[in-house]
Each structure stands twice: as C-alpha cells, then as structure tokens.
file structure.pdb (PDB, C-alpha atoms)
ATOM      1  CA  MET A   1       5.158  17.393 -22.245
ATOM      2  CA  GLY A   2       1.738  18.943 -22.033
ATOM      3  CA  ALA A   3      -1.240  17.395 -20.368
ATOM      4  CA  GLY A   4      -3.064  16.443 -23.576
ATOM      5  CA  LEU A   5      -6.812  16.590 -23.402
ATOM      6  CA  VAL A   6      -6.681  17.490 -19.724
ATOM      7  CA  ALA A   7      -5.745  20.971 -20.909
ATOM      8  CA  ALA A   8      -8.803  21.177 -23.132
ATOM      9  CA  PHE A   9     -10.952  22.498 -20.325
ATOM     10  CA  PHE A  10      -9.615  25.716 -18.924
ATOM     11  CA  ILE A  11     -10.382  26.455 -15.284
ATOM     12  CA  LEU A  12      -9.176  29.562 -13.529
ATOM     13  CA  VAL A  13      -6.143  28.676 -11.472
ATOM     14  CA  TYR A  14      -5.768  29.210  -7.762
ATOM     15  CA  ARG A  15      -5.382  32.917  -7.063
ATOM     16  CA  PRO A  16      -4.998  33.866  -3.398
ATOM     17  CA  PRO A  17      -5.746  37.349  -2.104
ATOM     18  CA  GLU A  18      -3.047  39.910  -2.648
ATOM     19  CA  THR A  19      -1.047  39.535   0.541
ATOM     20  CA  SER A  20       2.589  39.544   1.508
ATOM     21  CA  LEU A  21       4.715  37.660   3.956
ATOM     22  CA  LEU A  22       4.063  40.456   6.416
ATOM     23  CA  THR A  23       0.302  39.901   6.606
ATOM     24  CA  PRO A  24      -1.234  37.282   8.894
ATOM     25  CA  PRO A  25      -0.260  34.536   9.482
ATOM     26  CA  PHE A  26       3.189  35.770   8.463
ATOM     27  CA  GLN A  27       3.240  38.972  10.519
ATOM     28  CA  SER A  28       6.640  39.944  11.874
ATOM     29  CA  THR A  29       6.629  41.122  15.473
ATOM     30  CA  GLU A  30      10.259  42.142  15.500
ATOM     31  CA  SER A  31      11.345  45.691  16.285
ATOM     32  CA  ARG A  32      12.598  47.378  13.132
ATOM     33  CA  GLU A  33      14.832  49.625  15.208
ATOM     34  CA  ALA A  34      16.460  46.805  17.169
ATOM     35  CA  LEU A  35      19.033  45.909  14.514
ATOM     36  CA  PRO A  36      20.473  47.728  11.500
ATOM     37  CA  PHE A  37      19.084  47.310   8.006
ATOM     38  CA  ALA A  38      19.391  43.827   6.481
ATOM     39  CA  GLU A  39      17.845  42.251   3.394
ATOM     40  CA  PRO A  40      18.652  39.541   0.849
ATOM     41  CA  ALA A  41      21.159  40.671  -1.747
ATOM     42  CA  ARG A  42      19.987  40.955  -5.354
ATOM     43  CA  SER A  43      21.806  37.709  -6.218
ATOM     44  CA  ALA A  44      19.714  35.835  -3.628
ATOM     45  CA  TYR A  45      16.737  36.177  -5.963
ATOM     46  CA  GLY A  46      18.287  34.195  -8.827
ATOM     47  CA  VAL A  47      19.477  35.331 -12.251
ATOM     48  CA  SER A  48      16.053  36.858 -12.899
ATOM     49  CA  GLY A  49      16.117  38.824  -9.662
ATOM     50  CA  ALA A  50      12.537  37.638  -9.145
ATOM     51  CA  VAL A  51      12.739  34.230  -7.401
ATOM     52  CA  ARG A  52      11.329  34.395  -3.871
ATOM     53  CA  MET A  53      12.008  30.871  -2.611
ATOM     54  CA  ARG A  54      15.249  28.945  -2.194
ATOM     55  CA  PHE A  55      15.489  25.204  -1.602
ATOM     56  CA  ALA A  56      17.842  23.203   0.584
ATOM     57  CA  LEU A  57      18.223  19.730   2.049
ATOM     58  CA  PRO A  58      18.043  19.323   5.839
ATOM     59  CA  GLY A  59      21.186  20.554   7.568
ATOM     60  CA  LYS A  60      22.959  21.291   4.269
ATOM     61  CA  VAL A  61      24.472  24.540   3.056
ATOM     62  CA  VAL A  62      22.145  27.091   1.475
ATOM     63  CA  GLU A  63      23.484  30.154  -0.337
ATOM     64  CA  TYR A  64      21.888  33.260   1.170
ATOM     65  CA  PRO A  65      23.679  36.474   0.130
ATOM     66  CA  LEU A  66      22.802  39.445   2.343
ATOM     67  CA  GLU A  67      22.993  43.209   2.213
ATOM     68  CA  LEU A  68      23.897  44.411   5.702
ATOM     69  CA  ALA A  69      24.179  47.885   7.150
ATOM     70  CA  SER A  70      27.141  46.861   9.302
ATOM     71  CA  ASP A  71      29.897  44.257   9.464
ATOM     72  CA  SER A  72      28.469  40.712   9.567
ATOM     73  CA  VAL A  73      31.099  39.684  12.118
ATOM     74  CA  ASN A  74      28.774  41.052  14.799
ATOM     75  CA  TYR A  75      25.778  38.935  13.772
ATOM     76  CA  ALA A  76      24.501  35.467  14.499
ATOM     77  CA  TYR A  77      21.611  33.769  12.715
ATOM     78  CA  GLN A  78      18.788  31.386  13.419
ATOM     79  CA  TRP A  79      15.862  30.065  11.400
ATOM     80  CA  VAL A  80      12.233  30.929  12.122
ATOM     81  CA  ARG A  81       9.259  28.916  10.921
ATOM     82  CA  VAL A  82       7.235  31.016   8.474
ATOM     83  CA  VAL A  83       3.779  30.067   9.682
ATOM     84  CA  ASP A  84       4.191  30.846  13.380
ATOM     85  CA  THR A  85       7.547  32.739  13.594
ATOM     86  CA  VAL A  86       8.817  30.189  16.147
ATOM     87  CA  ALA A  87      12.622  30.016  16.218
ATOM     88  CA  THR A  88      14.096  26.599  15.569
ATOM     89  CA  GLY A  89      17.574  25.099  15.734
ATOM     90  CA  VAL A  90      20.779  26.436  17.190
ATOM     91  CA  VAL A  91      22.091  29.983  16.925
ATOM     92  CA  ARG A  92      25.132  30.133  14.634
ATOM     93  CA  PRO A  93      27.624  32.906  13.854
ATOM     94  CA  LEU A  94      26.996  34.629  10.533
ATOM     95  CA  ASN A  95      30.134  34.178   8.487
ATOM     96  CA  GLY A  96      29.540  34.908   4.814
ATOM     97  CA  ASP A  97      26.742  33.777   2.497
ATOM     98  CA  ARG A  98      26.844  30.056   3.170
ATOM     99  CA  LEU A  99      24.373  29.174   5.903
ATOM    100  CA  LEU A 100      23.313  25.810   7.287
ATOM    101  CA  ALA A 101      19.673  25.046   6.570
ATOM    102  CA  PRO A 102      17.328  23.829   9.320
ATOM    103  CA  SER A 103      17.351  20.110  10.017
ATOM    104  CA  THR A 104      13.571  19.666   9.675
ATOM    105  CA  PRO A 105      11.665  19.998   6.364
ATOM    106  CA  GLY A 106       9.410  23.036   6.190
ATOM    107  CA  TYR A 107       9.261  26.752   5.350
ATOM    108  CA  TYR A 108      11.630  29.188   7.057
ATOM    109  CA  ARG A 109      12.752  32.793   7.235
ATOM    110  CA  LEU A 110      16.139  33.989   8.330
ATOM    111  CA  ALA A 111      16.531  35.805  11.646
ATOM    112  CA  LEU A 112      19.628  37.835  12.495
ATOM    113  CA  LEU A 113      20.648  38.240  16.123
ATOM    114  CA  GLN A 114      22.890  40.722  17.877
ATOM    115  CA  ASP A 115      23.205  41.419  21.609
ATOM    116  CA  GLY A 116      19.905  39.748  22.388
ATOM    117  CA  ASP A 117      17.940  41.539  19.631
ATOM    118  CA  ARG A 118      16.412  39.699  16.679
ATOM    119  CA  ARG A 119      15.444  40.919  13.222
ATOM    120  CA  LEU A 120      13.589  38.853  10.635
ATOM    121  CA  VAL A 121      14.862  39.216   7.078
ATOM    122  CA  ASP A 122      11.997  39.818   4.658
ATOM    123  CA  GLY A 123      11.595  38.844   1.024
ATOM    124  CA  LEU A 124      12.867  35.285   0.796
ATOM    125  CA  THR A 125      11.636  31.913   2.055
ATOM    126  CA  VAL A 126      13.986  28.972   2.496
ATOM    127  CA  THR A 127      12.139  25.699   1.981
ATOM    128  CA  VAL A 128      13.815  22.622   3.419
ATOM    129  CA  LEU A 129      13.056  19.552   1.333
ATOM    130  CA  ILE A 130      12.439  15.940   2.216
ATOM    131  CA  PRO A 131      15.381  14.154   0.549
ATOM    132  CA  PHE A 132      14.498  12.046  -2.488
ATOM    133  CA  GLY A 133      16.290   9.111  -0.881
ATOM    134  CA  GLU A 134      13.568   8.842   1.759
ATOM    135  CA  LYS A 135      11.214   7.464  -0.881
ATOM    136  CA  ARG A 136      10.891   3.668  -0.733
ATOM    137  CA  ASP A 137       9.164   1.364  -3.227
ATOM    138  CA  GLY A 138       7.429   4.287  -4.909
ATOM    139  CA  ARG A 139       6.090   5.736  -1.654
ATOM    140  CA  LEU A 140       7.077   8.683   0.493
ATOM    141  CA  ARG A 141       5.795   8.651   4.054
ATOM    142  CA  GLY A 142       2.969   6.371   3.035
ATOM    143  CA  VAL A 143       1.944   8.396  -0.025
ATOM    144  CA  ARG A 144       2.254   6.728  -3.426
ATOM    145  CA  LEU A 145       4.340   8.813  -5.850
ATOM    146  CA  GLY A 146       5.518   6.134  -8.252
ATOM    147  CA  MET A 147       8.930   5.525  -9.791
ATOM    148  CA  TRP A 148      11.073   8.007 -11.708
ATOM    149  CA  ALA A 149      13.134   7.044 -14.741
ATOM    150  CA  GLY A 150      16.715   6.786 -13.527
ATOM    151  CA  GLU A 151      15.965   5.246 -10.148
ATOM    152  CA  GLY A 152      18.241   2.308  -9.612
ATOM    153  CA  GLY A 153      20.454   3.442 -12.496
ATOM    154  CA  GLY A 154      23.998   4.757 -12.494
ATOM    155  CA  GLU A 155      25.267   8.002 -10.998
ATOM    156  CA  ARG A 156      24.486  10.001 -14.131
ATOM    157  CA  ALA A 157      20.889   8.753 -14.160
ATOM    158  CA  ARG A 158      20.463   9.583 -10.485
ATOM    159  CA  GLU A 159      21.708  13.131 -11.058
ATOM    160  CA  SER A 160      18.596  13.817 -13.141
ATOM    161  CA  LEU A 161      16.257  12.955 -10.269
ATOM    162  CA  PRO A 162      14.672  15.654  -8.074
ATOM    163  CA  GLU A 163      16.858  16.570  -5.122
ATOM    164  CA  GLY A 164      13.925  16.314  -2.768
ATOM    165  CA  PHE A 165      10.290  17.161  -2.161
ATOM    166  CA  ILE A 166       8.362  20.062  -0.722
ATOM    167  CA  GLN A 167       5.980  18.902   1.975
ATOM    168  CA  VAL A 168       2.851  20.717   0.853
ATOM    169  CA  ALA A 169       0.977  22.637   3.547
ATOM    170  CA  SER A 170      -2.249  24.522   2.866
ATOM    171  CA  SER A 171      -1.051  27.313   5.153
ATOM    172  CA  ALA A 172       1.888  27.914   2.790
ATOM    173  CA  LEU A 173      -0.036  28.211  -0.490
ATOM    174  CA  THR A 174       0.116  32.021  -0.370
ATOM    175  CA  LEU A 175       3.904  32.050  -0.075
ATOM    176  CA  PRO A 176       5.542  33.769  -3.060
ATOM    177  CA  ILE A 177       7.824  31.499  -5.042
ATOM    178  CA  SER A 178       8.588  34.239  -7.572
ATOM    179  CA  LYS A 179       7.444  37.726  -8.523
ATOM    180  CA  HIS A 180       4.420  36.485 -10.459
ATOM    181  CA  LEU A 181       3.675  33.180  -8.727
ATOM    182  CA  ARG A 182       2.755  31.837  -5.328
ATOM    183  CA  LEU A 183       3.131  28.238  -4.256
ATOM    184  CA  GLY A 184      -0.587  27.635  -4.777
ATOM    185  CA  ASP A 185      -0.350  28.771  -8.403
ATOM    186  CA  PHE A 186       2.027  25.910  -9.135
ATOM    187  CA  LEU A 187       0.141  23.235  -7.187
ATOM    188  CA  THR A 188      -3.544  24.185  -7.554
ATOM    189  CA  THR A 189      -4.107  24.105 -11.307
ATOM    190  CA  PRO A 190      -6.622  22.684 -13.791
ATOM    191  CA  ASP A 191      -4.317  19.653 -13.896
ATOM    192  CA  THR A 192      -4.451  19.048 -10.120
ATOM    193  CA  PRO A 193      -5.721  15.527  -9.322
ATOM    194  CA  ALA A 194      -9.430  15.345  -8.592
ATOM    195  CA  ASP A 195      -8.725  14.131  -5.056
ATOM    196  CA  GLY A 196      -6.975  17.376  -4.176
ATOM    197  CA  LEU A 197      -3.542  18.892  -3.630
ATOM    198  CA  PRO A 198      -0.476  16.675  -3.822
ATOM    199  CA  GLU A 199       1.035  16.035  -0.403
ATOM    200  CA  PHE A 200       4.551  16.302  -1.811
ATOM    201  CA  ALA A 201       5.920  18.160  -4.820
ATOM    202  CA  ALA A 202       9.182  18.848  -6.616
ATOM    203  CA  LEU A 203      10.024  22.364  -7.772
ATOM    204  CA  ASP A 204      13.215  23.484  -9.494
ATOM    205  CA  SER A 205      14.378  27.081  -9.000
ATOM    206  CA  ARG A 206      15.714  27.111 -12.583
ATOM    207  CA  LEU A 207      12.137  26.903 -13.826
ATOM    208  CA  LEU A 208      11.152  29.858 -11.655
ATOM    209  CA  ASP A 209      14.057  31.901 -13.025
ATOM    210  CA  LYS A 210      13.142  30.980 -16.577
ATOM    211  CA  LEU A 211       9.464  31.848 -16.191
ATOM    212  CA  GLU A 212      10.312  35.216 -14.633
ATOM    213  CA  LEU A 213      12.825  36.018 -17.364
ATOM    214  CA  VAL A 214      10.140  35.196 -19.945
ATOM    215  CA  MET A 215       7.724  37.530 -18.161
ATOM    216  CA  ALA A 216      10.344  40.283 -18.124
ATOM    217  CA  GLU A 217      10.937  39.776 -21.854
ATOM    218  CA  LEU A 218       7.205  40.005 -22.566
ATOM    219  CA  GLN A 219       6.905  43.161 -20.464
ATOM    220  CA  ARG A 220       9.823  44.702 -22.328
ATOM    221  CA  SER A 221       8.183  43.911 -25.692
ATOM    222  CA  LEU A 222       4.932  45.527 -24.586
ATOM    223  CA  VAL A 223       6.734  48.683 -23.469
ATOM    224  CA  GLU A 224       8.576  48.863 -26.779
ATOM    225  CA  ALA A 225       5.203  48.600 -28.522
ATOM    226  CA  GLY A 226       3.977  51.592 -26.525
ATOM    227  CA  LYS A 227       1.779  49.566 -24.167
ATOM    228  CA  THR A 228       3.312  50.991 -21.033
ATOM    229  CA  ASP A 229       0.283  50.268 -18.836
ATOM    230  CA  ALA A 230       0.092  46.574 -19.722
ATOM    231  CA  ALA A 231       0.678  44.048 -16.944
ATOM    232  CA  PRO A 232       0.971  40.473 -18.298
ATOM    233  CA  ARG A 233      -0.656  37.818 -16.132
ATOM    234  CA  LEU A 234       0.938  34.385 -15.837
ATOM    235  CA  LEU A 235      -1.326  31.380 -15.274
ATOM    236  CA  VAL A 236      -0.063  27.841 -14.734
ATOM    237  CA  ASN A 237      -2.175  25.136 -16.344
ATOM    238  CA  SER A 238      -0.010  22.233 -15.182
ATOM    239  CA  GLY A 239       2.848  22.153 -12.690
ATOM    240  CA  PHE A 240       4.269  19.175 -10.788
ATOM    241  CA  ARG A 241       2.969  15.691 -11.566
ATOM    242  CA  ALA A 242       4.240  12.654  -9.672
ATOM    243  CA  PRO A 243       4.886   9.613 -11.900
ATOM    244  CA  ALA A 244       1.895   7.710 -10.483
ATOM    245  CA  TYR A 245      -0.400  10.571 -11.492
ATOM    246  CA  ASN A 246       1.424  11.371 -14.726
ATOM    247  CA  ARG A 247       0.554   7.907 -16.048
ATOM    248  CA  THR A 248      -3.149   8.759 -15.761
ATOM    249  CA  VAL A 249      -2.878  11.973 -17.811
ATOM    250  CA  ARG A 250      -3.902  11.396 -21.402
ATOM    251  CA  GLY A 251      -1.181  12.437 -23.835
ATOM    252  CA  ALA A 252       1.516  12.920 -21.179
ATOM    253  CA  ALA A 253       4.995  11.626 -21.988
ATOM    254  CA  ARG A 254       6.112   8.724 -19.819
ATOM    255  CA  ASP A 255       9.192  10.705 -18.787
ATOM    256  CA  SER A 256       7.415  14.073 -18.695
ATOM    257  CA  ARG A 257       9.479  16.880 -17.222
ATOM    258  CA  HIS A 258       6.505  17.777 -15.013
ATOM    259  CA  GLN A 259       7.635  14.885 -12.800
ATOM    260  CA  TYR A 260      10.926  16.655 -12.090
ATOM    261  CA  GLY A 261       9.537  20.008 -11.018
ATOM    262  CA  ASP A 262      11.293  21.876 -13.831
ATOM    263  CA  ALA A 263       8.329  22.202 -16.213
ATOM    264  CA  ALA A 264       5.082  24.139 -16.428
ATOM    265  CA  ASP A 265       2.333  24.513 -18.998
ATOM    266  CA  VAL A 266       1.392  28.178 -18.986
ATOM    267  CA  ARG A 267      -0.808  30.803 -20.518
ATOM    268  CA  VAL A 268       0.066  34.496 -20.427
ATOM    269  CA  ASP A 269      -2.675  37.071 -20.764
ATOM    270  CA  LEU A 270      -0.865  39.980 -22.398
ATOM    271  CA  ASP A 271      -3.746  42.351 -23.072
ATOM    272  CA  GLY A 272      -5.782  41.775 -19.912
ATOM    273  CA  ASP A 273      -8.916  40.552 -21.698
ATOM    274  CA  GLY A 274      -9.000  37.246 -19.830
ATOM    275  CA  HIS A 275      -8.533  35.219 -23.022
ATOM    276  CA  PHE A 276      -5.484  33.442 -24.409
ATOM    277  CA  SER A 277      -4.964  33.728 -28.124
ATOM    278  CA  LEU A 278      -2.697  32.033 -30.624
ATOM    279  CA  ALA A 279      -0.874  35.348 -31.075
ATOM    280  CA  GLU A 280      -0.175  35.514 -27.329
ATOM    281  CA  ALA A 281       1.079  31.923 -27.283
ATOM    282  CA  ARG A 282       3.461  32.715 -30.127
ATOM    283  CA  GLN A 283       4.717  35.796 -28.294
ATOM    284  CA  VAL A 284       5.432  33.628 -25.242
ATOM    285  CA  ALA A 285       7.339  31.156 -27.420
ATOM    286  CA  LYS A 286       9.337  34.020 -28.934
ATOM    287  CA  ALA A 287      10.194  35.270 -25.438
ATOM    288  CA  VAL A 288      11.385  31.774 -24.432
ATOM    289  CA  GLU A 289      13.741  31.718 -27.406
ATOM    290  CA  ALA A 290      15.128  35.133 -26.433
ATOM    291  CA  VAL A 291      15.688  34.026 -22.821
ATOM    292  CA  GLU A 292      17.535  30.869 -23.874
ATOM    293  CA  ARG A 293      19.815  32.867 -26.158
ATOM    294  CA  ARG A 294      20.795  35.109 -23.242
ATOM    295  CA  HIS A 295      20.835  32.323 -20.639
ATOM    296  CA  PRO A 296      21.970  29.043 -22.232
ATOM    297  CA  GLU A 297      22.212  27.524 -18.761
ATOM    298  CA  LEU A 298      18.394  27.598 -18.713
ATOM    299  CA  ALA A 299      17.985  25.720 -22.000
ATOM    300  CA  GLY A 300      15.062  23.339 -22.125
ATOM    301  CA  GLY A 301      11.848  22.322 -23.772
ATOM    302  CA  LEU A 302       9.385  24.571 -25.573
ATOM    303  CA  GLY A 303       6.099  23.070 -26.695
ATOM    304  CA  LEU A 304       3.489  25.174 -28.467
ATOM    305  CA  TYR A 305      -0.013  23.692 -28.124
ATOM    306  CA  THR A 306      -2.458  25.250 -30.571
ATOM    307  CA  SER A 307      -4.696  22.347 -31.611
ATOM    308  CA  ARG A 308      -8.448  22.845 -31.705
ATOM    309  CA  ARG A 309      -8.633  20.072 -29.118
ATOM    310  CA  TYR A 310      -7.729  22.712 -26.544
ATOM    311  CA  ARG A 311     -10.073  25.440 -25.467
ATOM    312  CA  SER A 312      -7.218  27.939 -25.815
ATOM    313  CA  PRO A 313      -3.540  27.702 -26.753
ATOM    314  CA  TYR A 314      -0.854  27.171 -24.123
ATOM    315  CA  VAL A 315       2.909  26.842 -23.949
ATOM    316  CA  HIS A 316       5.027  24.187 -22.241
ATOM    317  CA  ILE A 317       8.261  25.581 -20.765
ATOM    318  CA  ASP A 318      10.929  23.552 -19.007
ATOM    319  CA  ALA A 319      14.542  23.880 -17.887
ATOM    320  CA  ARG A 320      15.793  20.345 -18.532
ATOM    321  CA  GLY A 321      19.242  21.567 -19.568
ATOM    322  CA  SER A 322      19.073  20.764 -23.276
ATOM    323  CA  ARG A 323      17.081  22.249 -26.140
ATOM    324  CA  ALA A 324      13.874  20.528 -27.267
ATOM    325  CA  ARG A 325      11.070  21.880 -29.479
ATOM    326  CA  TRP A 326       7.682  20.495 -30.527
ATOM    327  CA  THR A 327       4.098  21.454 -31.335
ATOM    328  CA  GLY A 328       0.833  19.843 -30.358
TER     329      GLY A 328
END

call {"tool": "encode", "arguments": {"input": "structure.pdb", "output": "structure tokens"}}
result
Amino acid sequence: MGAGLVAAFFILVYRPPETSLLTPPFQSTESREALPFAEPARSAYGVSGAVRMRFALPGKVVEYPLELASDSVNYAYQWVRVVDTVATGVVRPLNGDRLLAPSTPGYYRLALLQDGDRRLVDGLTVTVLIPFGEKRDGRLRGVRLGMWAGEGGGERARESLPEGFIQVASSALTLPISKHLRLGDFLTTPDTPADGLPEFAALDSRLLDKLELVMAELQRSLVEAGKTDAAPRLLVNSGFRAPAYNRTVRGAARDSRHQYGDAADVRVDLDGDGHFSLAEARQVAKAVEAVERRHPELAGGLGLYTSRRYRSPYVHIDARGSRARWTG
C-alpha cells in the first residue's frame, strides 16, 4: 500500500546523468572484431522487452537467451564484474540458454570466449542475490531488516517471501534495471529512510515488466491522440521498504507489498510540464487495467491516491499475483 502522509511531500527522485553501461566505470575494453556478433535475445528482456536486469541466486541457473552470429558450440562463457570488468569464476562451455550464475553476490555481465578471445555482451546485467535464508533473527549481515509475514510458516507461506536481496552499492545506482528506470530510481526516492540508502533491497522482475508495459500503453495512447512527440517520464515515489522501516511509515499496511520488492508508488508525467495531475493518475490506472487484461500473469494491486493530503496524486502498482483495487 502507499506510503500515507510520507507521500504528501514530493521531492524529485534520484536522476543520474544520462549514461550507459559503456561509459565509465562500465567501459568495455574488448575488441569488437575479436568475436562474431552476440547480444541478448529479445526474450532475455522479459515480456515487455524492456527489462535490463535479471536476478539469480549464487551458483544457480539463470536463463540468458542469446542471439549469436555463429554456432554456440564453439563458445565458452565467464562472468565479469560490472564495476571493474574483472573476470570471476570458472570458464564453462556455452550450451543453450541456461547458464550458471556466479557464486558471489554482485553485479555481472556475460563474457563469451573463443580461442583465447573475449567479448562482453552488452545490454543486460545479471545481479546475484544474497539468499533470503541468510537472514537470521531479523538481521542480514548485521543490518536490521525485520521479519516478513510468512517466515516460520508452511511451504506456501515461504513461497511468498523474496527469493533474496540485492546488496546495494553506490557504484551500481546508474545501472539500468529497465528502459525507463535505473537502480537508483527504485532505491533513492522521497520515501528513502532519512539515514540513507538501504544496504539490501528486494526487487521483483515482474514489477519491472509491469511498469514498462504500463509505460508502453501510455505511449501508445499518446500517439493515438496525435501527441507523437510526447515522452512520458516515470518517477518512483516509493520502492522497496524492509519490514523494520515499513512499520515506521504512517499509513503503510503491515504486510505492504513494498516489502517484497514487487510494488512501487509512481507518478507519470505525460505532458512534460513537471506536474502530476489527477487526469494523469487516472490515465496510469487505465493503462494498468489494460496491461492486466493482456497479461493476467502480472495481476496485482492498483491503488489510486488522490486525497488532498498529498501534494499531487500518485498510483500504487504491484505484481502480487492476484487482483486488488483501492483508493486513498
């Protein structure tokens, strides 16, 4: 659920400079002529085609479909740390789309190898999570996160828990997580705790797909209305909230989906005037409904917050797996 009165004061969210993974400190030094063309396949970017980060547990299988210019039987692969392009882990033969993730949590790019040459694959980051099971007595590596509903329950209750946690690094805040968002957009928001960035966060790729599909729906509506030059801007007012912090947020539900990494409170500036109107909020809600009709697997919560308690309207969107609707 939304962040209550916390959302009443709008602050511009974190917005890093327009960079890409190929600008420092993410500059690739590989020879583009050394190996044939290779890039993530369209399906690697999720159902929206716009997700730029995949998540995996240490040493577990991660789906990474590739488009290759030649037969993959001739390739091997290795992981490279995003921040410093240092190779890590063993070299493995490339045999299909199912790769083994690195054994250490962090941010990685895929490197293909052939006859001593190496080529980094651009466009997608694989983030290896710290498993949820490492948390003990409400703490993860000394940091208090609190307790999730479902901990200590049966198998079905445990299935609803986050799979693991991103270890937040300031050097990774500019990493794209989707077409319209970078990691910092989700973590550095008006709802960020006063003492700074969370050290660990949960983030569900289904939410990223849903947000990008909503943005595509809004763009399509603008084009149909003849506004072909419009470029909607997505701003996150509240992203991940650990249970310990969620309890301090006035108006937040005890089992808020923000704790699971599959929810975001957002505003979308459709006309580029820097303001967020009731009409825009309603258009976002309409786009969410359209996306859920086309993608029932992304069903979730939709909360429309239009009260005068808030400086401007906003919309809660989540991908909990079942339909829920409310206003505030």

call {"tool": "resolve_selection", "arguments": {"input": "structure.pdb", "expression": "the PyMOL selection byres ((chain A and resi 81) around 9)", "output": "list in words"}}
result
Trp79, Val80, Val82, Val83, Asp84, Thr85, Val86, Ala87, Thr88, Gly106, Tyr107, Tyr108, Arg109 and Leu110 of chain A

call {"tool": "resolve_selection", "arguments": {"input": "structure.pdb", "expression": "the PyMOL selection byres ((chain A and resi 167) around 7)", "output": "PyMOL selection string"}}
result
chain A and resi 106+165-166+168-169+199-201

call {"tool": "residues_near_point", "arguments": {"input": "structure.pdb", "point": "(1.7, 24.0, -21.2)", "cutoff": "6 Å", "atoms": "all atoms listed in the file", "output": "list of chain:residue names"}}
result
A:Gly2, A:Ala264, A:Asp265, A:Val266, A:Tyr314, A:Val315, A:His316

call {"tool": "axis_aligned_box", "arguments": {"input": "structure.pdb", "around": "range 123-132 of chain A", "padding_each_side": "8 Å", "output": "AutoDock Vina command-line options"}}
result
--center_x 13.5 --center_y 25.4 --center_z 0.5 --size_x 19.8 --size_y 42.8 --size_z 21.9

call {"tool": "atom_distance", "arguments": {"input": "structure.pdb", "atom1": "CA of Leu218 in chain A", "atom2": "CA of Val284 in chain A"}}
result
7.1 Å

call {"tool": "resolve_selection", "arguments": {"input": "structure.pdb", "expression": "the PyMOL selection byres ((chain A and resi 324) around 9)", "output": "ChimeraX atom specification"}}
result
/A:299-303,320,322-323,325-326

call {"tool": "closest_residue", "arguments": {"input": "structure.pdb", "among": "A:Leu181, A:Met147, A:Ala281, A:Val214", "to": "Arg254 in chain A", "atoms": "all atoms listed in the file"}}
result
A:Met147

call {"tool": "atom_distance", "arguments": {"input": "structure.pdb", "atom1": "CA of Glu159 in chain A", "atom2": "CA of Pro296 in chain A"}}
result
19.4 Å

call {"tool": "closest_residue", "arguments": {"input": "structure.pdb", "among": "A:Leu175, A:Leu298, A:Val268, A:Val121", "to": "Val47 in chain A", "atoms": "all atoms listed in the file"}}
result
A:Leu298

call {"tool": "closest_residue", "arguments": {"input": "structure.pdb", "among": "A:Leu304, A:Leu66, A:Ile130, A:Ala279", "to": "Leu99 in chain A", "atoms": "only C-alpha atoms"}}
result
A:Leu66

call {"tool": "closest_residue", "arguments": {"input": "structure.pdb", "among": "A:Asn95, A:Thr306, A:Thr189, A:Asn74", "to": "Leu113 in chain A", "atoms": "only C-alpha atoms"}}
result
A:Asn74

call {"tool": "closest_residue", "arguments": {"input": "structure.pdb", "among": "A:Glu63, A:Leu203, A:Gly164, A:Gln114", "to": "Leu140 in chain A", "atoms": "all atoms listed in the file"}}
result
A:Gly164

call {"tool": "atom_distance", "arguments": {"input": "structure.pdb", "atom1": "CA of Ser43 in chain A", "atom2": "CA of Pro176 in chain A"}}
result
17.0 Å

call {"tool": "closest_residue", "arguments": {"input": "structure.pdb", "among": "A:Gly133, A:Gly272, A:Pro313, A:Gly116", "to": "Ala285 in chain A", "atoms": "all atoms listed in the file"}}
result
A:Pro313

call {"tool": "residues_around", "arguments": {"input": "structure.pdb", "residues": "range 37-41 of chain A", "least_positions_apart": "4", "cutoff": "12 Å", "atoms": "all atoms listed in the file", "output": "PyMOL selection string"}}
result
chain A and resi 31-33+45-47+49-54+63-72+75+97+109-113+118-126

call {"tool": "residues_around", "arguments": {"input": "structure.pdb", "residues": "Pro58 in chain A", "least_positions_apart": "5", "cutoff": "8 Å", "atoms": "all atoms listed in the file", "output": "ChimeraX atom specification"}}
result
/A:101-105,128-131

call {"tool": "residues_around", "arguments": {"input": "structure.pdb", "residues": "range 286-289 of chain A", "least_positions_apart": "3", "cutoff": "9 Å", "atoms": "only C-alpha atoms", "output": "list in words"}}
result
Lys210, Leu211, Leu213, Val214, Met215, Ala216, Glu217, Leu218, Ser221, Ala281, Arg282, Gln283, Glu292, Arg293, Arg294, Leu302 and Ile317 of chain A

call {"tool": "write_last_selection", "arguments": {"input": "structure.pdb", "atoms": "C-alpha atoms", "output": "short mmCIF file (atom, residue, chain, number, x, y, z; two decimals), keeping the file's coordinate frame"}}
result
data_model
loop_
_atom_site.label_atom_id
_atom_site.label_comp_id
_atom_site.auth_asym_id
_atom_site.auth_seq_id
_atom_site.Cartn_x
_atom_site.Cartn_y
_atom_site.Cartn_z
CA LYS A 210 13.14 30.98 -16.58
CA LEU A 211 9.46 31.85 -16.19
CA LEU A 213 12.82 36.02 -17.36
CA VAL A 214 10.14 35.20 -19.94
CA MET A 215 7.72 37.53 -18.16
CA ALA A 216 10.34 40.28 -18.12
CA GLU A 217 10.94 39.78 -21.85
CA LEU A 218 7.20 40.01 -22.57
CA SER A 221 8.18 43.91 -25.69
CA ALA A 281 1.08 31.92 -27.28
CA ARG A 282 3.46 32.72 -30.13
CA GLN A 283 4.72 35.80 -28.29
CA GLU A 292 17.54 30.87 -23.87
CA ARG A 293 19.82 32.87 -26.16
CA ARG A 294 20.80 35.11 -23.24
CA LEU A 302 9.38 24.57 -25.57
CA ILE A 317 8.26 25.58 -20.76
#

call {"tool": "residues_around", "arguments": {"input": "structure.pdb", "residues": "range 150-152 of chain A", "least_positions_apart": "6", "cutoff": "12 Å", "atoms": "only C-alpha atoms", "output": "PDB file with C-alpha atoms, in the frame of the given file"}}
result
ATOM      1  CA  PHE A 132      14.498  12.046  -2.488  1.00  0.00           C
ATOM      2  CA  GLY A 133      16.290   9.111  -0.881  1.00  0.00           C
ATOM      3  CA  LYS A 135      11.214   7.464  -0.881  1.00  0.00           C
ATOM      4  CA  ARG A 136      10.891   3.668  -0.733  1.00  0.00           C
ATOM      5  CA  ASP A 137       9.164   1.364  -3.227  1.00  0.00           C
ATOM      6  CA  GLY A 138       7.429   4.287  -4.909  1.00  0.00           C
ATOM      7  CA  ARG A 158      20.463   9.583 -10.485  1.00  0.00           C
ATOM      8  CA  GLU A 159      21.708  13.131 -11.058  1.00  0.00           C
ATOM      9  CA  SER A 160      18.596  13.817 -13.141  1.00  0.00           C
ATOM     10  CA  LEU A 161      16.257  12.955 -10.269  1.00  0.00           C
ATOM     11  CA  PRO A 162      14.672  15.654  -8.074  1.00  0.00           C
ATOM     12  CA  ASP A 255       9.192  10.705 -18.787  1.00  0.00           C
ATOM     13  CA  TYR A 260      10.926  16.655 -12.090  1.00  0.00           C
TER      14      TYR A 260
END
